[in-house]
$ cat run-v3.tsv   # TSV, C-alpha atoms and all ligand atoms
chain	number	residue	atom	x	y	z
A	1	MET	CA	0.00	0.00	0.00
A	2	GLN	CA	1.41	3.37	-1.03
A	3	ILE	CA	0.81	6.73	0.61
A	4	ASP	CA	1.71	9.96	-1.11
A	5	ILE	CA	3.26	12.53	1.22
A	6	SER	CA	4.23	15.75	-0.46
A	7	SER	CA	6.93	14.64	-2.85
A	8	SER	CA	7.82	11.51	-0.86
A	9	THR	CA	6.22	8.10	-1.23
A	10	ILE	CA	5.85	5.97	1.86
A	11	THR	CA	4.65	2.42	2.28
A	12	LEU	CA	2.26	1.15	4.93
A	13	ALA	CA	3.73	-1.40	7.30
A	14	PRO	CA	1.87	-3.55	9.87
A	15	ALA	CA	-0.13	-1.83	12.61
A	16	GLY	CA	-0.61	1.35	10.60
A	17	LEU	CA	3.05	2.24	10.74
A	18	LEU	CA	4.66	3.80	7.74
A	19	ALA	CA	7.93	3.22	6.03
A	20	VAL	CA	9.44	6.13	4.14
A	21	GLN	CA	10.55	4.89	0.78
A	22	ASP	CA	13.20	7.60	0.53
A	23	GLY	CA	14.58	6.35	3.84
A	24	ALA	CA	14.76	2.74	2.62
A	25	GLY	CA	12.40	1.16	5.11
A	26	THR	CA	12.58	3.71	7.89
A	27	ARG	CA	9.68	3.07	10.24
A	28	VAL	CA	7.75	6.14	11.29
A	29	LEU	CA	4.77	6.98	13.46
A	30	ILE	CA	2.17	9.60	12.48
A	31	ASP	CA	1.17	12.37	14.86
A	32	PRO	CA	-2.52	12.48	13.83
A	33	VAL	CA	-3.14	16.06	14.98
A	34	ILE	CA	-3.71	18.40	12.06
A	35	SER	CA	-3.77	22.09	13.01
A	36	CYS	CA	-3.87	25.42	11.24
A	37	GLY	CA	-0.75	26.80	12.92
A	38	ILE	CA	-2.05	30.37	13.01
A	39	CYS	CA	-5.03	30.50	15.38
A	40	TYR	CA	-4.94	31.64	19.02
A	41	ARG	CA	-4.51	28.10	20.37
A	42	CYS	CA	-1.91	27.03	17.82
A	43	ARG	CA	0.20	30.11	18.60
A	44	ARG	CA	0.08	29.11	22.30
A	45	ASP	CA	1.37	25.56	21.72
A	46	LEU	CA	-2.14	24.11	22.02
A	47	ALA	CA	-2.39	22.78	18.46
A	48	HIS	CA	-4.28	19.73	19.74
A	49	LEU	CA	-7.14	22.12	20.59
A	50	CYS	CA	-7.09	23.96	17.25
A	51	GLY	CA	-10.64	24.91	16.24
A	52	ASN	CA	-9.66	24.66	12.58
A	53	GLY	CA	-7.90	21.32	13.02
A	54	ALA	CA	-8.69	17.69	12.35
A	55	LEU	CA	-7.43	14.21	13.14
A	56	GLN	CA	-5.71	11.98	10.62
A	57	GLY	CA	-7.75	8.82	10.35
A	58	ARG	CA	-10.93	10.38	11.77
A	59	ASP	CA	-11.55	13.56	9.81
A	60	VAL	CA	-9.24	12.87	6.88
A	61	ASP	CA	-7.92	9.63	5.40
A	62	GLY	CA	-5.50	7.75	7.60
A	63	GLY	CA	-3.86	4.35	7.86
A	64	PHE	CA	-6.84	2.40	6.53
A	65	ALA	CA	-7.08	4.49	3.37
A	66	GLU	CA	-5.35	3.46	0.18
A	67	PHE	CA	-3.79	6.93	-0.02
A	68	ALA	CA	-3.43	9.66	2.58
A	69	ALA	CA	-1.50	12.91	2.67
A	70	VAL	CA	0.50	13.47	5.86
A	71	ASP	CA	2.57	16.53	6.67
A	72	GLU	CA	6.21	15.49	6.90
A	73	SER	CA	6.45	17.27	10.26
A	74	CYS	CA	3.95	14.73	11.63
A	75	LEU	CA	6.25	11.77	10.93
A	76	HIS	CA	8.44	10.49	13.77
A	77	GLU	CA	11.07	7.84	13.19
A	78	ILE	CA	10.67	4.72	15.32
A	79	PRO	CA	13.93	3.45	16.85
A	80	ASP	CA	14.89	-0.15	16.10
A	81	SER	CA	14.59	-0.91	19.82
A	82	VAL	CA	10.81	-0.30	19.65
A	83	SER	CA	8.76	-3.14	18.14
A	84	ALA	CA	5.92	-2.49	15.73
A	85	ASP	CA	3.41	-3.63	18.38
A	86	GLU	CA	4.89	-1.23	20.94
A	87	ALA	CA	5.03	1.61	18.44
A	88	ALA	CA	1.37	1.13	17.58
A	89	LEU	CA	0.50	2.08	21.18
A	90	LEU	CA	2.74	5.15	21.50
A	91	GLN	CA	0.27	7.77	20.32
A	92	VAL	CA	-2.57	6.65	22.60
A	93	LEU	CA	-0.13	6.03	25.47
A	94	SER	CA	1.23	9.56	25.15
A	95	THR	CA	-2.35	10.88	25.27
A	96	CYS	CA	-2.99	8.92	28.49
A	97	VAL	CA	0.29	10.10	30.05
A	98	HIS	CA	-0.63	13.69	29.17
A	99	ALA	CA	-4.13	13.29	30.65
A	100	GLN	CA	-2.71	11.92	33.91
A	101	SER	CA	-0.11	14.69	34.07
A	102	VAL	CA	-2.82	16.94	35.53
A	103	LEU	CA	-3.29	14.58	38.49
A	104	PRO	CA	-1.64	15.74	41.72
A	105	GLY	CA	1.92	14.67	42.47
A	106	PRO	CA	4.39	12.52	40.55
A	107	ALA	CA	2.77	9.48	42.15
A	108	GLY	CA	-0.75	9.28	43.45
A	109	PRO	CA	-0.91	9.80	47.19
A	110	ALA	CA	-1.40	6.60	49.15
A	111	GLY	CA	-5.07	5.87	49.52
A	112	ASP	CA	-6.09	7.47	46.23
A	113	SER	CA	-8.53	5.49	44.19
A	114	ALA	CA	-9.70	5.80	40.60
A	115	VAL	CA	-12.50	4.57	38.40
A	116	VAL	CA	-11.81	3.95	34.71
A	117	ILE	CA	-15.01	3.86	32.67
A	118	GLY	CA	-14.60	2.24	29.27
A	119	LEU	CA	-11.90	-0.32	28.63
A	120	GLY	CA	-10.67	0.30	25.14
A	121	VAL	CA	-6.96	0.69	24.58
A	122	ALA	CA	-6.88	4.04	26.38
A	123	GLY	CA	-8.81	2.69	29.36
A	124	LEU	CA	-6.47	-0.29	29.74
A	125	LEU	CA	-3.42	1.97	29.50
A	126	HIS	CA	-4.94	4.33	32.10
A	127	ILE	CA	-5.28	1.37	34.48
A	128	GLN	CA	-1.60	0.48	34.08
A	129	LEU	CA	-0.49	4.10	34.45
A	130	LEU	CA	-2.63	4.61	37.56
A	131	ARG	CA	-1.20	1.45	39.14
A	132	ALA	CA	2.33	2.63	38.28
A	133	ARG	CA	1.49	5.90	40.10
A	134	GLY	CA	0.55	3.95	43.20
A	135	VAL	CA	-3.19	4.55	42.91
A	136	SER	CA	-5.21	1.82	44.59
A	137	PRO	CA	-7.83	0.61	44.19
A	138	VAL	CA	-8.33	1.12	40.46
A	139	ILE	CA	-11.87	0.12	39.55
A	140	ALA	CA	-12.67	-0.65	35.92
A	141	VAL	CA	-16.15	-0.44	34.39
A	142	THR	CA	-17.29	-1.95	31.10
A	143	GLY	CA	-20.15	-3.98	29.72
A	144	SER	CA	-17.79	-6.49	28.17
A	145	ALA	CA	-16.81	-9.65	30.10
A	146	TRP	CA	-13.60	-10.23	28.14
A	147	LYS	CA	-12.51	-6.63	28.72
A	148	ARG	CA	-13.10	-7.04	32.46
A	149	GLU	CA	-10.74	-10.02	32.40
A	150	LEU	CA	-8.18	-7.99	30.45
A	151	ALA	CA	-8.53	-5.12	32.94
A	152	LEU	CA	-7.80	-7.45	35.85
A	153	ARG	CA	-4.67	-8.70	34.05
A	154	SER	CA	-3.72	-5.05	33.43
A	155	GLY	CA	-3.82	-4.25	37.13
A	156	ALA	CA	-7.41	-3.27	37.90
A	157	SER	CA	-8.38	-4.06	41.48
A	158	ARG	CA	-12.03	-4.68	40.69
A	159	CYS	CA	-14.20	-4.69	37.58
A	160	TRP	CA	-17.86	-4.19	36.86
B	201	ZN	ZN	-5.08	26.42	14.87
$ encode --input "run-v3.tsv" --output "structure tokens"
Amino acid sequence: MQIDISSSTITLAPAGLLAVQDGAGTRVLIDPVISCGICYRCRRDLAHLCGNGALQGRDVDGGFAEFAAVDESCLHEIPDSVSADEAALLQVLSTCVHAQSVLPGPAGPAGDSAVVIGLGVAGLLHIQLLRARGVSPVIAVTGSAWKRELALRSGASRCW
């Protein structure tokens, strides 16, 4: 599968990762945030909140499309030490880390508890991050039995 990026041609690799043809197989990850770069929020380093923006793969063609245009500045090379499976989680993991950065303290104070509602990839990563912060109990909520089992294996204390 080929993707046309400006004057470069890149090839889709497993897990939505891209290989830059000019870079002879260089694996890259796409930052899916598309922003205008000139609005109030963009000029204040809040491009992820750009009112004129979009998301690659949601608002414009992404990894499942036969062709998609991606700004070269949105491509990040993946080191050889990071597997394709690990790299596929980096964007959502970074979103979860950012979301938890507003929680108090570098580690949750002893006795803190949390409830994670919804156990998609982000929910499961939130459970692991909360446990790593020392938060306990972490209670997971979903309507799916197999996701409850996955949440327990990911460190949830209890599931509903
Ligand atoms: Zn903007």
$ residues_around --input "run-v3.tsv" --residues "A:Arg58" --least-positions-apart "4" --cutoff "12 Å" --atoms "all atoms listed in the file" --output "number ranges by chain"
A: 32-34, 53-54, 62-65, 68
$ write_last_selection --input "run-v3.tsv" --atoms "C-alpha atoms" --output "PDB file, in the coordinates of the input"
ATOM      1  CA  PRO A  32      -2.520  12.480  13.830  1.00  0.00           C
ATOM      2  CA  VAL A  33      -3.140  16.060  14.980  1.00  0.00           C
ATOM      3  CA  ILE A  34      -3.710  18.400  12.060  1.00  0.00           C
ATOM      4  CA  GLY A  53      -7.900  21.320  13.020  1.00  0.00           C
ATOM      5  CA  ALA A  54      -8.690  17.690  12.350  1.00  0.00           C
ATOM      6  CA  GLY A  62      -5.500   7.750   7.600  1.00  0.00           C
ATOM      7  CA  GLY A  63      -3.860   4.350   7.860  1.00  0.00           C
ATOM      8  CA  PHE A  64      -6.840   2.400   6.530  1.00  0.00           C
ATOM      9  CA  ALA A  65      -7.080   4.490   3.370  1.00  0.00           C
ATOM     10  CA  ALA A  68      -3.430   9.660   2.580  1.00  0.00           C
TER      11      ALA A  68
END
$ closest_residue --input "run-v3.tsv" --among "A:Ile127, A:Cys39, A:Val116, A:Leu103" --to "ligand ZN 201 (chain B)" --atoms "all atoms listed in the file"
A:Cys39
$ residues_around --input "run-v3.tsv" --residues "A:Ala114" --least-positions-apart "5" --cutoff "9 Å" --atoms "only C-alpha atoms" --output "number ranges by chain"
A: 127, 130, 135-140
$ write_last_selection --input "run-v3.tsv" --atoms "C-alpha atoms" --output "compact mmCIF listing (two decimals), in the coordinates of the input"
# COMPACT_ATOMS: atom_id res chain seq x y z
CA ILE A 127 -5.28 1.37 34.48
CA LEU A 130 -2.63 4.61 37.56
CA VAL A 135 -3.19 4.55 42.91
CA SER A 136 -5.21 1.82 44.59
CA PRO A 137 -7.83 0.61 44.19
CA VAL A 138 -8.33 1.12 40.46
CA ILE A 139 -11.87 0.12 39.55
CA ALA A 140 -12.67 -0.65 35.92
$ atom_distance --input "run-v3.tsv" --atom1 "atom CA of A:Ala88" --atom2 "atom CA of A:Val28"
10.3 Å
$ residues_near_ligand --input "run-v3.tsv" --ligand "ligand ZN 201 (chain B)" --cutoff "8 Å" --atoms "only C-alpha atoms and all ligand atoms" --output "count of residues only"
15
$ closest_residue --input "run-v3.tsv" --among "A:His126, A:His76, A:His48, A:His98" --to "A:Leu29" --atoms "only C-alpha atoms"
A:His76
$ residues_near_point --input "run-v3.tsv" --point "(-13.6, -0.5, 25.7)" --cutoff "9 Å" --atoms "only C-alpha atoms" --output "JSON, numbers by chain"
{"A": [117, 118, 119, 120, 121, 122, 123, 124, 142, 143, 144, 147]}
$ atom_distance --input "run-v3.tsv" --atom1 "atom CA of A:Ala132" --atom2 "atom CA of A:Val82"
20.7 Å
$ atom_distance --input "run-v3.tsv" --atom1 "atom CA of A:Ile30" --atom2 "atom CA of A:Leu55"
10.7 Å
$ residues_around --input "run-v3.tsv" --residues "A:Leu125" --least-positions-apart "3" --cutoff "10 Å" --atoms "only C-alpha atoms" --output "PyMOL selection string"
chain A and resi 89+92-97+119-122+128-131+151+154-155
$ closest_residue --input "run-v3.tsv" --among "A:Cys159, A:Val115, A:Leu90, A:Val102" --to "A:Ile78" --atoms "all atoms listed in the file"
A:Leu90
$ axis_aligned_box --input "run-v3.tsv" --around "stretch 83-90 of chain A" --padding-each-side "3 Å" --output "JSON"
{"center_x": 4.6, "center_y": 0.8, "center_z": 18.6, "size_x": 14.3, "size_y": 14.8, "size_z": 11.8}
$ build_atoms --input "run-v3.tsv" --residues "stretch 139-154 of chain A" --atoms "N, CA and C atoms" --output "PDB file, in the coordinates of the input"
ATOM      1  N   ILE A 139     -10.637   0.848  39.883  1.00  0.00           N
ATOM      2  CA  ILE A 139     -11.870   0.120  39.550  1.00  0.00           C
ATOM      3  C   ILE A 139     -12.184   0.347  38.082  1.00  0.00           C
ATOM      4  N   ALA A 140     -12.415  -0.728  37.356  1.00  0.00           N
ATOM      5  CA  ALA A 140     -12.670  -0.650  35.920  1.00  0.00           C
ATOM      6  C   ALA A 140     -14.126  -0.988  35.630  1.00  0.00           C
ATOM      7  N   VAL A 141     -14.731  -0.248  34.713  1.00  0.00           N
ATOM      8  CA  VAL A 141     -16.150  -0.440  34.390  1.00  0.00           C
ATOM      9  C   VAL A 141     -16.313  -0.616  32.886  1.00  0.00           C
ATOM     10  N   THR A 142     -16.969  -1.698  32.508  1.00  0.00           N
ATOM     11  CA  THR A 142     -17.290  -1.950  31.100  1.00  0.00           C
ATOM     12  C   THR A 142     -18.434  -2.946  31.033  1.00  0.00           C
ATOM     13  N   GLY A 143     -19.096  -2.994  29.917  1.00  0.00           N
ATOM     14  CA  GLY A 143     -20.150  -3.980  29.720  1.00  0.00           C
ATOM     15  C   GLY A 143     -19.645  -5.276  29.129  1.00  0.00           C
ATOM     16  N   SER A 144     -18.368  -5.346  28.865  1.00  0.00           N
ATOM     17  CA  SER A 144     -17.790  -6.490  28.170  1.00  0.00           C
ATOM     18  C   SER A 144     -17.037  -7.407  29.141  1.00  0.00           C
ATOM     19  N   ALA A 145     -17.439  -8.687  29.182  1.00  0.00           N
ATOM     20  CA  ALA A 145     -16.810  -9.650  30.100  1.00  0.00           C
ATOM     21  C   ALA A 145     -15.337  -9.855  29.765  1.00  0.00           C
ATOM     22  N   TRP A 146     -15.007  -9.971  28.481  1.00  0.00           N
ATOM     23  CA  TRP A 146     -13.600 -10.230  28.140  1.00  0.00           C
ATOM     24  C   TRP A 146     -12.728  -9.018  28.433  1.00  0.00           C
ATOM     25  N   LYS A 147     -13.293  -7.815  28.365  1.00  0.00           N
ATOM     26  CA  LYS A 147     -12.510  -6.630  28.720  1.00  0.00           C
ATOM     27  C   LYS A 147     -12.307  -6.533  30.230  1.00  0.00           C
ATOM     28  N   ARG A 148     -13.278  -7.008  30.997  1.00  0.00           N
ATOM     29  CA  ARG A 148     -13.100  -7.040  32.460  1.00  0.00           C
ATOM     30  C   ARG A 148     -11.937  -7.949  32.821  1.00  0.00           C
ATOM     31  N   GLU A 149     -11.850  -9.096  32.156  1.00  0.00           N
ATOM     32  CA  GLU A 149     -10.740 -10.020  32.400  1.00  0.00           C
ATOM     33  C   GLU A 149      -9.405  -9.370  32.017  1.00  0.00           C
ATOM     34  N   LEU A 150      -9.393  -8.674  30.907  1.00  0.00           N
ATOM     35  CA  LEU A 150      -8.180  -7.990  30.450  1.00  0.00           C
ATOM     36  C   LEU A 150      -7.792  -6.881  31.432  1.00  0.00           C
ATOM     37  N   ALA A 151      -8.796  -6.193  31.967  1.00  0.00           N
ATOM     38  CA  ALA A 151      -8.530  -5.120  32.940  1.00  0.00           C
ATOM     39  C   ALA A 151      -7.900  -5.688  34.209  1.00  0.00           C
ATOM     40  N   LEU A 152      -8.387  -6.828  34.656  1.00  0.00           N
ATOM     41  CA  LEU A 152      -7.800  -7.450  35.850  1.00  0.00           C
ATOM     42  C   LEU A 152      -6.338  -7.818  35.592  1.00  0.00           C
ATOM     43  N   ARG A 153      -6.060  -8.358  34.397  1.00  0.00           N
ATOM     44  CA  ARG A 153      -4.670  -8.700  34.050  1.00  0.00           C
ATOM     45  C   ARG A 153      -3.819  -7.455  33.869  1.00  0.00           C
ATOM     46  N   SER A 154      -4.452  -6.303  33.590  1.00  0.00           N
ATOM     47  CA  SER A 154      -3.720  -5.050  33.430  1.00  0.00           C
ATOM     48  C   SER A 154      -3.523  -4.310  34.731  1.00  0.00           C
TER      49      SER A 154
END
